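K.L.:
Got a structure for you, target_16.cif, holding mmCIF, C-alpha atoms.
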data_model
loop_
_atom_site.label_atom_id
_atom_site.label_comp_id
_atom_site.auth_asym_id
_atom_site.auth_seq_id
_atom_site.Cartn_x
_atom_site.Cartn_y
_atom_site.Cartn_z
CA MET Q 1 -46.74 15.21 -13.57
CA VAL Q 2 -46.50 12.89 -10.57
CA GLU Q 3 -44.61 14.44 -7.69
CA GLN Q 4 -41.49 12.52 -6.76
CA THR Q 5 -41.75 10.73 -3.42
CA LYS Q 6 -39.81 12.54 -0.73
CA LYS Q 7 -36.94 10.59 0.78
CA ARG Q 8 -37.26 9.38 4.36
CA PHE Q 9 -34.16 9.21 6.54
CA ILE Q 10 -33.02 7.28 9.59
CA THR Q 11 -29.72 7.33 11.45
CA SER Q 12 -27.19 4.50 11.77
CA ASP Q 13 -28.30 4.10 15.38
CA ASP Q 14 -31.90 3.61 14.22
CA LEU Q 15 -30.71 1.02 11.72
CA LYS Q 16 -28.90 -0.94 14.47
CA LYS Q 17 -32.22 -1.55 16.24
CA HIS Q 18 -33.40 -3.77 13.37
CA ASN Q 19 -31.05 -6.70 13.91
CA GLN Q 20 -33.25 -9.47 15.30
CA PRO Q 21 -35.04 -12.34 13.51
CA GLY Q 22 -38.33 -10.99 12.22
CA ASP Q 23 -36.97 -7.46 12.11
CA LEU Q 24 -33.92 -7.42 9.85
CA TRP Q 25 -32.82 -4.27 8.05
CA ILE Q 26 -29.60 -3.67 6.16
CA SER Q 27 -28.26 -0.75 4.17
CA ILE Q 28 -26.34 -0.81 0.90
CA GLN Q 29 -24.82 2.45 -0.30
CA GLY Q 30 -27.07 4.34 2.10
CA LYS Q 31 -30.36 2.76 0.99
CA VAL Q 32 -32.19 0.65 3.56
CA TYR Q 33 -33.66 -2.76 2.76
CA ASP Q 34 -36.04 -4.83 4.84
CA VAL Q 35 -34.95 -8.47 4.54
CA SER Q 36 -36.96 -9.80 7.49
CA HIS Q 37 -39.02 -12.24 5.43
CA TRP Q 38 -36.66 -12.70 2.52
CA VAL Q 39 -33.80 -13.97 4.71
CA LYS Q 40 -34.97 -17.58 4.45
CA SER Q 41 -34.72 -17.35 0.67
CA HIS Q 42 -31.20 -15.94 0.68
CA PRO Q 43 -29.03 -18.22 -1.50
CA GLY Q 44 -26.07 -17.66 0.83
CA GLY Q 45 -28.00 -18.83 3.89
CA GLU Q 46 -29.52 -17.02 6.84
CA ALA Q 47 -26.31 -16.68 8.88
CA ALA Q 48 -24.78 -14.08 6.58
CA ILE Q 49 -27.73 -11.70 6.98
CA LEU Q 50 -28.34 -12.43 10.65
CA ASN Q 51 -24.71 -11.59 11.45
CA LEU Q 52 -24.72 -8.29 9.54
CA ALA Q 53 -28.27 -7.08 10.16
CA GLY Q 54 -28.63 -3.53 11.39
CA GLN Q 55 -25.54 -2.36 9.53
CA ASP Q 56 -24.27 -1.11 6.20
CA VAL Q 57 -23.27 -4.22 4.23
CA THR Q 58 -22.12 -2.63 0.98
CA ASP Q 59 -18.64 -4.15 0.95
CA ALA Q 60 -19.90 -7.64 1.78
CA PHE Q 61 -22.62 -7.34 -0.85
CA ILE Q 62 -20.09 -6.31 -3.49
CA ALA Q 63 -17.78 -9.16 -2.50
CA TYR Q 64 -20.38 -11.91 -2.79
CA HIS Q 65 -22.80 -10.81 -5.47
CA PRO Q 66 -22.47 -10.32 -9.23
CA GLY Q 67 -23.74 -7.16 -10.87
CA THR Q 68 -27.01 -8.87 -11.78
CA ALA Q 69 -27.95 -9.06 -8.09
CA TRP Q 70 -28.42 -5.31 -7.77
CA ARG Q 71 -31.70 -5.34 -9.72
CA HIS Q 72 -33.28 -7.61 -7.12
CA LEU Q 73 -32.69 -5.12 -4.30
CA GLU Q 74 -35.38 -2.60 -5.26
CA ASN Q 75 -38.18 -4.98 -4.24
CA LEU Q 76 -36.74 -5.01 -0.71
CA HIS Q 77 -36.23 -1.24 -0.36
CA ASN Q 78 -38.43 0.11 2.43
CA GLY Q 79 -38.14 3.76 1.42
CA TYR Q 80 -35.58 4.76 4.02
CA HIS Q 81 -32.06 6.11 3.56
CA VAL Q 82 -29.29 6.39 6.14
CA LYS Q 83 -28.82 10.04 6.98
CA ASP Q 84 -25.29 9.73 8.40
CA HIS Q 85 -24.04 7.22 5.84
CA HIS Q 86 -20.25 7.38 5.59
CA VAL Q 87 -17.75 5.55 3.40
CA SER Q 88 -14.22 5.08 4.76
CA ASP Q 89 -11.15 5.57 2.60
CA VAL Q 90 -10.42 1.85 2.79
CA SER Q 91 -13.91 0.90 1.64
CA ARG Q 92 -13.79 3.47 -1.15
CA ASP Q 93 -10.53 1.99 -2.46
CA TYR Q 94 -11.84 -1.56 -2.08
CA ARG Q 95 -14.98 -0.79 -4.06
CA ARG Q 96 -12.95 0.95 -6.74
CA LEU Q 97 -10.72 -2.10 -7.01
CA ALA Q 98 -13.70 -4.47 -7.24
CA ALA Q 99 -15.21 -2.28 -9.96
CA GLU Q 100 -11.91 -2.34 -11.86
CA PHE Q 101 -11.75 -6.14 -11.70
CA SER Q 102 -15.33 -6.32 -12.92
CA LYS Q 103 -14.62 -3.92 -15.79
CA ARG Q 104 -11.65 -6.09 -16.82
CA GLY Q 105 -13.95 -9.11 -16.82
CA LEU Q 106 -11.89 -11.00 -14.24
CA PHE Q 107 -14.95 -12.38 -12.47
CA ASP Q 108 -16.16 -13.92 -15.72
CA LYS Q 109 -12.86 -15.24 -17.10
CA LYS Q 110 -12.66 -18.60 -15.37
CA GLY Q 111 -10.13 -20.30 -17.60
CA HIS Q 112 -10.17 -24.09 -17.82
CA VAL Q 113 -9.16 -24.87 -14.23
CA THR Q 114 -12.32 -26.84 -13.46
CA LEU Q 115 -12.07 -28.92 -16.62
CA TYR Q 116 -8.40 -29.72 -16.03
CA THR Q 117 -8.96 -30.52 -12.35
CA LEU Q 118 -11.95 -32.80 -12.93
CA THR Q 119 -10.03 -34.56 -15.70
CA CYS Q 120 -7.14 -35.07 -13.29
CA VAL Q 121 -9.57 -36.39 -10.67
CA ALA Q 122 -11.10 -38.82 -13.18
CA VAL Q 123 -7.67 -40.13 -14.21
CA MET Q 124 -6.60 -40.58 -10.58
CA LEU Q 125 -9.87 -42.32 -9.72
CA ALA Q 126 -9.36 -44.74 -12.62
CA ALA Q 127 -5.83 -45.41 -11.37
CA VAL Q 128 -7.13 -46.02 -7.85
CA VAL Q 129 -9.76 -48.49 -9.06
CA TYR Q 130 -7.17 -50.30 -11.18
CA GLY Q 131 -4.66 -50.40 -8.32
CA VAL Q 132 -7.19 -51.86 -5.90
CA VAL Q 133 -9.13 -54.21 -8.17
CA ALA Q 134 -6.49 -55.41 -10.65
CA CYS Q 135 -3.32 -55.40 -8.55
CA THR Q 136 -2.42 -57.76 -5.73
CA SER Q 137 0.67 -55.96 -4.43
CA ILE Q 138 0.26 -54.19 -1.11
CA TRP Q 139 2.43 -51.38 -2.49
CA ALA Q 140 -0.04 -50.86 -5.32
CA HIS Q 141 -2.79 -50.65 -2.74
CA LEU Q 142 -0.87 -48.11 -0.64
CA ILE Q 143 -0.14 -45.97 -3.69
CA SER Q 144 -3.84 -46.15 -4.58
CA ALA Q 145 -4.73 -44.92 -1.10
CA VAL Q 146 -2.41 -41.94 -1.49
CA LEU Q 147 -3.88 -41.17 -4.92
CA LEU Q 148 -7.39 -41.37 -3.48
CA GLY Q 149 -6.48 -38.84 -0.80
CA LEU Q 150 -4.98 -36.51 -3.40
CA LEU Q 151 -8.02 -36.73 -5.67
CA TRP Q 152 -10.26 -35.96 -2.70
CA ILE Q 153 -8.22 -32.80 -2.13
CA GLN Q 154 -8.48 -31.69 -5.74
CA SER Q 155 -12.17 -32.54 -5.94
CA ALA Q 156 -12.81 -30.49 -2.79
CA TYR Q 157 -11.16 -27.49 -4.46
CA VAL Q 158 -13.61 -27.78 -7.37
CA GLY Q 159 -16.50 -27.99 -4.91
CA HIS Q 160 -15.14 -24.92 -3.15
CA ASP Q 161 -14.88 -22.96 -6.38
CA SER Q 162 -18.34 -23.95 -7.58
CA GLY Q 163 -19.78 -22.86 -4.24
CA HIS Q 164 -18.44 -19.32 -4.68
CA TYR Q 165 -19.16 -18.76 -8.36
CA ASN Q 166 -20.43 -20.56 -11.44
CA VAL Q 167 -17.54 -22.64 -12.77
CA THR Q 168 -19.68 -23.69 -15.74
CA SER Q 169 -21.76 -21.78 -18.26
CA THR Q 170 -25.12 -22.51 -16.59
CA LYS Q 171 -26.39 -22.78 -13.01
CA PRO Q 172 -27.80 -26.33 -13.43
CA CYS Q 173 -24.41 -27.55 -14.66
CA ASN Q 174 -22.73 -25.75 -11.78
CA LYS Q 175 -25.03 -27.49 -9.31
CA LEU Q 176 -24.17 -30.81 -10.93
CA VAL Q 177 -20.45 -30.07 -10.50
CA GLN Q 178 -21.07 -29.21 -6.84
CA LEU Q 179 -22.87 -32.47 -6.13
CA LEU Q 180 -20.39 -34.52 -8.11
CA SER Q 181 -17.19 -33.02 -6.70
CA GLY Q 182 -18.56 -32.71 -3.18
CA ASN Q 183 -21.21 -35.25 -2.25
CA CYS Q 184 -20.51 -38.04 -4.75
CA ILE Q 185 -16.71 -38.05 -4.79
CA THR Q 186 -15.67 -36.77 -1.36
CA GLY Q 187 -18.70 -37.72 0.74
CA ILE Q 188 -18.98 -34.18 2.08
CA SER Q 189 -22.23 -32.35 1.43
CA ILE Q 190 -22.05 -29.15 -0.58
CA ALA Q 191 -25.06 -27.97 1.47
CA TRP Q 192 -23.07 -28.39 4.68
CA TRP Q 193 -20.10 -26.63 3.11
CA LYS Q 194 -22.18 -23.63 2.00
CA TRP Q 195 -23.86 -23.41 5.38
CA THR Q 196 -20.61 -23.20 7.33
CA HIS Q 197 -18.33 -21.62 4.75
CA ASN Q 198 -20.48 -18.58 4.03
CA ALA Q 199 -20.71 -17.91 7.76
CA HIS Q 200 -16.93 -18.27 8.00
CA HIS Q 201 -16.34 -15.69 5.26
CA ILE Q 202 -18.76 -13.18 6.73
CA SER Q 203 -17.51 -13.59 10.32
CA CYS Q 204 -13.88 -14.31 9.54
CA ASN Q 205 -12.11 -15.24 12.80
CA SER Q 206 -14.89 -14.18 15.15
CA LEU Q 207 -14.57 -16.67 17.99
CA ASP Q 208 -18.30 -16.90 18.65
CA HIS Q 209 -19.59 -16.46 15.07
CA ASP Q 210 -17.06 -18.24 12.83
CA PRO Q 211 -17.68 -22.02 12.87
CA ASP Q 212 -14.20 -22.70 11.47
CA LEU Q 213 -12.67 -21.69 14.81
CA GLN Q 214 -15.10 -23.58 17.02
CA HIS Q 215 -13.46 -26.94 17.68
CA ILE Q 216 -14.03 -27.41 21.41
CA PRO Q 217 -13.24 -29.82 23.05
CA VAL Q 218 -10.20 -30.79 20.96
CA LEU Q 219 -8.75 -27.47 19.75
CA ALA Q 220 -8.85 -23.83 20.87
CA VAL Q 221 -6.95 -20.90 19.36
CA SER Q 222 -7.72 -18.50 22.20
CA ASN Q 223 -8.18 -18.64 25.98
CA LYS Q 224 -11.50 -16.86 25.51
CA PHE Q 225 -12.95 -20.27 24.73
CA PHE Q 226 -12.17 -21.28 28.32
CA LYS Q 227 -15.15 -19.23 29.52
CA SER Q 228 -17.52 -21.65 27.75
CA MET Q 229 -18.74 -19.06 25.29
CA THR Q 230 -21.89 -19.59 23.25
CA SER Q 231 -21.55 -20.30 19.55
CA ARG Q 232 -23.83 -17.88 17.73
CA PHE Q 233 -23.56 -20.07 14.66
CA TYR Q 234 -24.53 -23.41 16.20
CA GLY Q 235 -26.74 -21.84 18.87
CA ARG Q 236 -25.20 -23.85 21.70
CA LYS Q 237 -22.68 -23.50 24.48
CA LEU Q 238 -19.09 -24.53 23.76
CA THR Q 239 -18.46 -26.10 27.14
CA PHE Q 240 -14.92 -25.98 28.44
CA ASP Q 241 -15.06 -28.96 30.80
CA PRO Q 242 -12.25 -31.06 32.32
CA LEU Q 243 -12.06 -33.24 29.21
CA ALA Q 244 -11.70 -30.18 26.99
CA ARG Q 245 -9.04 -28.74 29.29
CA PHE Q 246 -7.06 -31.98 29.17
CA LEU Q 247 -7.26 -32.32 25.39
CA ILE Q 248 -6.43 -28.69 24.73
CA SER Q 249 -3.48 -28.86 27.12
CA TYR Q 250 -1.79 -31.11 24.58
CA GLN Q 251 -3.27 -29.67 21.38
CA HIS Q 252 0.10 -28.49 20.04
CA TRP Q 253 1.14 -32.15 20.01
CA SER Q 254 -2.20 -33.64 18.94
CA PHE Q 255 -2.86 -31.11 16.15
CA TYR Q 256 -1.37 -33.13 13.28
CA PRO Q 257 -2.79 -36.50 14.41
CA ILE Q 258 -6.20 -34.85 14.69
CA MET Q 259 -5.86 -33.52 11.15
CA CYS Q 260 -5.16 -37.06 9.93
CA VAL Q 261 -8.59 -38.19 11.06
CA GLY Q 262 -10.34 -34.84 10.62
CA ARG Q 263 -12.25 -36.14 7.64
CA ILE Q 264 -14.35 -38.31 9.94
CA ASN Q 265 -15.67 -35.15 11.57
CA LEU Q 266 -16.67 -33.79 8.16
CA PHE Q 267 -18.61 -36.97 7.42
CA VAL Q 268 -20.39 -36.69 10.76
CA GLN Q 269 -21.17 -32.98 10.32
CA THR Q 270 -22.61 -33.71 6.87
CA LEU Q 271 -24.97 -36.35 8.21
CA LEU Q 272 -25.99 -34.22 11.20
CA LEU Q 273 -27.03 -31.39 8.91
CA LEU Q 274 -28.77 -33.45 6.23
CA PHE Q 275 -30.87 -35.30 8.79
CA SER Q 276 -31.55 -32.30 11.01
CA ARG Q 277 -34.66 -30.13 11.17
CA ARG Q 278 -32.81 -27.18 9.67
CA HIS Q 279 -33.79 -25.89 6.28
CA VAL Q 280 -31.38 -27.53 3.81
CA PRO Q 281 -31.56 -26.47 0.15
CA ASP Q 282 -31.73 -29.47 -2.18
CA ARG Q 283 -31.77 -31.87 0.76
CA ALA Q 284 -32.87 -34.85 -1.36
CA LEU Q 285 -30.15 -34.27 -3.96
CA ASN Q 286 -27.53 -33.91 -1.24
CA ILE Q 287 -28.60 -37.14 0.44
CA ALA Q 288 -28.61 -38.91 -2.93
CA GLY Q 289 -25.06 -37.71 -3.58
CA ILE Q 290 -23.91 -38.92 -0.18
CA LEU Q 291 -25.47 -42.32 -0.87
CA VAL Q 292 -23.45 -42.49 -4.09
CA PHE Q 293 -20.25 -41.96 -2.11
CA TRP Q 294 -21.14 -44.50 0.58
CA THR Q 295 -21.87 -47.00 -2.17
CA TRP Q 296 -18.70 -46.79 -4.27
CA PHE Q 297 -16.20 -46.18 -1.47
CA PRO Q 298 -17.07 -49.22 0.71
CA LEU Q 299 -17.40 -51.30 -2.45
CA LEU Q 300 -13.91 -50.27 -3.53
CA VAL Q 301 -12.46 -51.08 -0.11
CA SER Q 302 -14.14 -54.48 -0.15
CA PHE Q 303 -11.92 -55.56 -3.07
CA LEU Q 304 -8.87 -55.44 -0.80
CA PRO Q 305 -7.79 -58.92 0.30
CA ASN Q 306 -8.05 -58.63 4.10
CA TRP Q 307 -9.19 -56.40 6.94
CA GLN Q 308 -5.68 -55.25 7.80
CA GLU Q 309 -5.18 -53.80 4.33
CA ARG Q 310 -8.66 -52.31 4.33
CA ILE Q 311 -8.05 -50.47 7.58
CA ILE Q 312 -4.65 -49.22 6.39
CA PHE Q 313 -6.13 -48.15 3.05
CA VAL Q 314 -8.94 -46.15 4.64
CA PHE Q 315 -6.66 -44.52 7.22
CA LEU Q 316 -3.94 -43.64 4.70
CA SER Q 317 -6.37 -42.14 2.19
CA MET Q 318 -7.89 -39.95 4.90
CA ALA Q 319 -4.51 -39.07 6.38
CA VAL Q 320 -3.35 -37.69 3.02
CA THR Q 321 -6.22 -35.18 3.11
CA ALA Q 322 -4.70 -33.84 6.33
CA ILE Q 323 -2.54 -31.71 4.02
CA GLN Q 324 -5.64 -29.77 3.04
CA HIS Q 325 -7.04 -29.64 6.56
CA VAL Q 326 -3.74 -28.28 7.88
CA GLN Q 327 -3.64 -25.68 5.11
CA PHE Q 328 -7.07 -24.35 6.07
CA CYS Q 329 -5.92 -24.04 9.68
CA LEU Q 330 -2.68 -22.30 8.71
CA ASN Q 331 -4.70 -19.65 6.89
CA HIS Q 332 -6.54 -18.59 10.05
CA PHE Q 333 -5.47 -20.13 13.36
CA ALA Q 334 -2.50 -17.80 13.92
CA ALA Q 335 -4.26 -14.69 12.57
CA ASP Q 336 -6.05 -12.10 14.71
CA VAL Q 337 -9.31 -13.09 16.40
CA TYR Q 338 -12.16 -11.15 17.98
CA THR Q 339 -15.51 -11.77 19.65
CA GLY Q 340 -18.91 -10.52 18.62
CA PRO Q 341 -20.62 -10.16 15.25
CA PRO Q 342 -18.78 -8.80 12.23
CA ASN Q 343 -18.96 -5.10 11.47
CA GLY Q 344 -19.98 -4.24 7.93
CA ASN Q 345 -18.07 -0.96 8.09
CA ASP Q 346 -14.65 -2.57 8.42
CA TRP Q 347 -14.97 -5.42 5.94
CA PHE Q 348 -11.54 -4.97 4.40
CA GLU Q 349 -9.83 -4.56 7.76
CA LYS Q 350 -11.41 -7.70 9.24
CA GLN Q 351 -10.34 -9.81 6.25
CA THR Q 352 -6.73 -8.61 6.43
CA ALA Q 353 -6.59 -9.22 10.17
CA GLY Q 354 -8.13 -12.70 10.04
CA THR Q 355 -6.12 -14.30 7.23
CA LEU Q 356 -2.61 -15.50 6.42
CA ASP Q 357 -1.30 -16.24 2.94
CA ILE Q 358 1.03 -19.14 2.16
CA SER Q 359 3.85 -18.26 -0.23
CA CYS Q 360 4.75 -20.78 -2.91
CA ARG Q 361 5.97 -21.06 -6.48
CA SER Q 362 3.38 -20.64 -9.22
CA TYR Q 363 3.69 -24.28 -10.27
CA MET Q 364 2.27 -25.23 -6.83
CA ASP Q 365 -0.93 -23.25 -7.29
CA TRP Q 366 -2.79 -26.39 -8.39
CA PHE Q 367 -1.74 -28.15 -5.19
CA PHE Q 368 -3.11 -25.43 -2.91
CA GLY Q 369 -6.20 -24.80 -5.03
CA GLY Q 370 -5.43 -21.09 -5.11
CA LEU Q 371 -6.30 -20.83 -1.41
CA GLN Q 372 -2.72 -20.02 -0.47
CA PHE Q 373 -3.85 -16.53 -1.50
CA GLN Q 374 -6.29 -16.53 1.38
CA LEU Q 375 -6.61 -12.78 1.81
CA GLU Q 376 -7.20 -12.24 -1.90
CA HIS Q 377 -9.82 -14.97 -1.84
CA HIS Q 378 -11.57 -13.50 1.20
CA LEU Q 379 -11.66 -10.03 -0.32
CA PHE Q 380 -12.88 -11.29 -3.70
CA PRO Q 381 -14.50 -14.70 -3.12
CA ARG Q 382 -16.10 -14.68 -6.60
CA LEU Q 383 -12.75 -14.19 -8.29
CA PRO Q 384 -11.69 -17.40 -10.10
CA ARG Q 385 -8.55 -18.86 -8.59
CA CYS Q 386 -6.60 -18.44 -11.83
CA HIS Q 387 -6.54 -14.68 -11.16
CA LEU Q 388 -5.59 -14.68 -7.47
CA ARG Q 389 -1.84 -14.62 -8.04
CA GLY Q 390 -2.24 -11.79 -10.56
CA VAL Q 391 -4.21 -9.52 -8.21
CA SER Q 392 -1.99 -10.21 -5.21
CA PRO Q 393 0.42 -7.29 -5.83
CA VAL Q 394 -2.52 -4.88 -6.08
CA VAL Q 395 -3.94 -6.13 -2.78
CA GLN Q 396 -0.51 -5.78 -1.16
CA GLU Q 397 -0.28 -2.17 -2.31
CA LEU Q 398 -3.74 -1.40 -0.95
CA CYS Q 399 -2.83 -2.92 2.42
CA LYS Q 400 0.39 -0.91 2.49
CA LYS Q 401 -1.46 2.31 1.60
CA HIS Q 402 -3.83 1.91 4.55
CA ASN Q 403 -1.26 0.45 6.97
CA LEU Q 404 -3.03 -2.90 7.16
CA PRO Q 405 -1.31 -6.28 7.57
CA TYR Q 406 -0.49 -8.41 4.57
CA ARG Q 407 1.12 -11.58 5.88
CA SER Q 408 2.53 -14.13 3.47
CA LEU Q 409 4.47 -16.95 5.11
CA SER Q 410 6.25 -20.02 3.87
CA TRP Q 411 4.62 -23.36 4.59
CA TRP Q 412 7.13 -23.96 7.39
CA GLU Q 413 6.68 -20.51 8.93
CA ALA Q 414 2.88 -20.84 8.85
CA ASN Q 415 3.12 -24.17 10.65
CA VAL Q 416 5.41 -22.65 13.30
CA TRP Q 417 3.00 -19.74 13.82
CA THR Q 418 0.04 -22.11 14.14
CA ILE Q 419 1.76 -24.44 16.61
CA ARG Q 420 2.90 -21.42 18.61
CA THR Q 421 -0.72 -20.21 18.81
CA LEU Q 422 -1.96 -23.64 19.86
CA ARG Q 423 0.80 -24.04 22.43
CA LYS Q 424 0.05 -20.65 23.97
CA ALA Q 425 -3.58 -21.63 24.46
CA ALA Q 426 -2.51 -25.07 25.71
CA VAL Q 427 -0.35 -23.55 28.43
CA GLN Q 428 -3.17 -21.20 29.44
CA ALA Q 429 -5.58 -24.14 29.64
CA ARG Q 430 -3.56 -25.67 32.44
CA ASP Q 431 -3.64 -24.56 36.06
CA VAL Q 432 -1.51 -25.14 39.14
CA THR Q 433 -3.51 -28.17 40.23
CA ASN Q 434 -2.80 -29.97 36.97
CA PRO Q 435 0.19 -32.36 37.11
CA VAL Q 436 0.82 -31.90 33.38
CA LEU Q 437 2.52 -28.63 34.30
CA GLU Q 438 5.63 -30.61 35.19
CA SER Q 439 6.36 -31.02 31.48
CA LEU Q 440 6.09 -27.33 30.63
CA LEU Q 441 9.78 -26.54 31.08
CA TRP Q 442 10.80 -29.41 28.82
CA GLU Q 443 8.21 -28.36 26.23
CA ALA Q 444 9.41 -24.75 26.39
CA LEU Q 445 12.98 -25.84 25.66
CA LYS Q 446 11.90 -27.93 22.71
CA TYR Q 447 9.63 -25.24 21.33
CA SER Q 448 12.30 -22.54 21.60
CA TRP Q 449 14.25 -24.53 19.04
CA LEU Q 450 11.26 -24.38 16.66
CA GLU Q 451 11.01 -20.61 17.02
CA LYS Q 452 14.69 -20.10 16.29
CA ASN Q 453 14.48 -22.28 13.19
#
Please lay out the structure from this file as structure tokens.
P.N.:
Amino acid sequence: MVEQTKKRFITSDDLKKHNQPGDLWISIQGKVYDVSHWVKSHPGGEAAILNLAGQDVTDAFIAYHPGTAWRHLENLHNGYHVKDHHVSDVSRDYRRLAAEFSKRGLFDKKGHVTLYTLTCVAVMLAAVVYGVVACTSIWAHLISAVLLGLLWIQSAYVGHDSGHYNVTSTKPCNKLVQLLSGNCITGISIAWWKWTHNAHHISCNSLDHDPDLQHIPVLAVSNKFFKSMTSRFYGRKLTFDPLARFLISYQHWSFYPIMCVGRINLFVQTLLLLFSRRHVPDRALNIAGILVFWTWFPLLVSFLPNWQERIIFVFLSMAVTAIQHVQFCLNHFAADVYTGPPNGNDWFEKQTAGTLDISCRSYMDWFFGGLQFQLEHHLFPRLPRCHLRGVSPVVQELCKKHNLPYRSLSWWEANVWTIRTLRKAAVQARDVTNPVLESLLWEALKYSWLEKN
């Protein structure tokens, strides 16, 4: 009989030492895994592992991986176990809840949301083409622009869903849906989205690790950005120079106009990634999808009778998508922020602190893409959106049990909170040598009215 191999143990402090590229260890349920070389093959990107290396990542692993992923771990096990492994009461309840959802089959019951949404997108696209090509009325063209913006929003939700879990029965079909709903229809690369969005989920509201909060020089949610901190995601300094100070000083007024043209930034970010030296999964397919978009969209616009209408059409279609851009900001800008890498031992706590839900009637779920339940989505990113409203009461109870925040605001309240956050940073961005201070009293009077209402 072969003698069983004796377990080897290390402490949590020993584990923390293995958190640099080339030496990356993680622990899951007390077992230690060496992912130093495998990190480049991680389907969720390198950032997720780099940010959590040297820690226990059990909760994050459960959140992002199906049960089938566990069998792949054994090949990465280096024989060590964490001697002082400890599970908090919050984590224990979270894992129990995730196991319950899995047992009920919620992660597999996707409903027909994707089919209905893509059908809606196809119908709207046909209406847009008809309105532009077959109609001569400027009002028909304006309505078409609005419809185009709305279909971009809905298509982006499908791309978002397909990036978190398989919305179809097979992975190849899911990839096709990603490229179609993202690259081909919206012009935004699914590769870019995965790269930034996975990092956002892992490092939710970390000022130096979450790319969704790093908008210098035009927006800043905290005065900590004024020290020109280094983005650990982009690997560059976020310089707070005089231009940034000027722009941020008025960000509570420029926020909505910026959102109206925010789509341009997404186009630019897509191109910067696809033509960079970074490793981009399916780069050729992503570029091909982008070429499809930049073929049909300019061609569609060219059917408009003159340049004035073309400019208005493009601007209006992009401005409509500001609704979605604003929503994403409402979910996080006014929530709690922190600096430094995420801590795997307080996964649940970090998600509750860094998110805000938007309350709405159930018939509006399609409009928000399920993401009004932002906390529920962050805790269970693989959970199909059709279940988010149903699990919300359970999440609320768990937050209440552990005295953690569960914030659900109306659309108006969330906007007020966000503008208040931006205004606070705007005031802090100014100094006594800046003449724009003369308007602070007037702004304070106007903003006090917003707070009271």
K.L.:
Might you spell out which residues the PyMOL selection byres ((chain Q and resi 222) around 9) would select in the displayed file, as a list in words?
P.N.:
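On the file shown, the PyMOL selection byres ((chain Q and resi 222) around 9) covers Leu207, Ala220, Val221, Asn223, Lys224, Phe225, Phe226, Val337, Thr421, Leu422, Lys424, Ala425 and Gln428 of chain Q.
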K.L.:
Considering all atoms listed in the file, state which residue in the set Q:Asn331, Q:Ser162, Q:Asn403, Q:Asn51 is at the smallest distance from Trp193 (chain Q).
P.N.:
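So, comparing all the options, the nearest one is Q:Ser162.
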K.L.:
On this structure, the PyMOL selection byres ((chain Q and resi 157) around 12) would catch which residues? List them as JSON, numbers by chain, sorted by chain and number.
P.N.:
{"Q": [113, 114, 117, 118, 121, 150, 151, 152, 153, 154, 155, 156, 158, 159, 160, 161, 162, 163, 164, 167, 177, 178, 181, 182, 185, 186, 190, 193, 321, 324, 325, 328, 365, 366, 367, 368, 369, 370, 371, 372, 384, 385]}
K.L.:
Taking the file as I've supplied it (selection: the PyMOL selection byres ((chain Q and resi 208-216) around 6)), which residues are included? Please answer as a list in words.
P.N.:
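Applying the expression gives His200, Ser203, Asn205, Ser206, Leu207, Pro217, Val218, Leu219, Ser231, Arg232, Phe233 and Thr339 of chain Q.
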K.L.:
Take CA of Gln327 (chain Q) and CA of Ile143 (chain Q) and report the distance between them in Å, one decimal.
P.N.:
22.4 Å
K.L.:
Name the closest residue to Asn166 (chain Q) among the candidates Q:Phe267, Q:Trp38, Q:Trp192, Q:Phe107; distances are taken between atoms, counting all atoms listed in the file.
P.N.:
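Of Q:Phe267, Q:Trp38, Q:Trp192, Q:Phe107, the one nearest Asn166 (chain Q), counting all atoms listed in the file, is Q:Phe107.
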K.L.:
Suppose you want the space between CA of Leu148 (chain Q) and CA of Leu285 (chain Q); what is it in Å?
P.N.:
23.8 Å
K.L.:
Looking at all atoms listed in the file, which of Q:Val416, Q:Lys194, Q:Gly67, Q:Cys173 is the one that sits closest to Leu273 (chain Q)?
P.N.:
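Distance minimum relative to Leu273 (chain Q) lands on Q:Lys194.
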K.L.:
What does the structure give for the distance between CA of Ser12 (chain Q) and CA of Leu375 (chain Q), in Å to one decimal?
P.N.:
28.7 Å
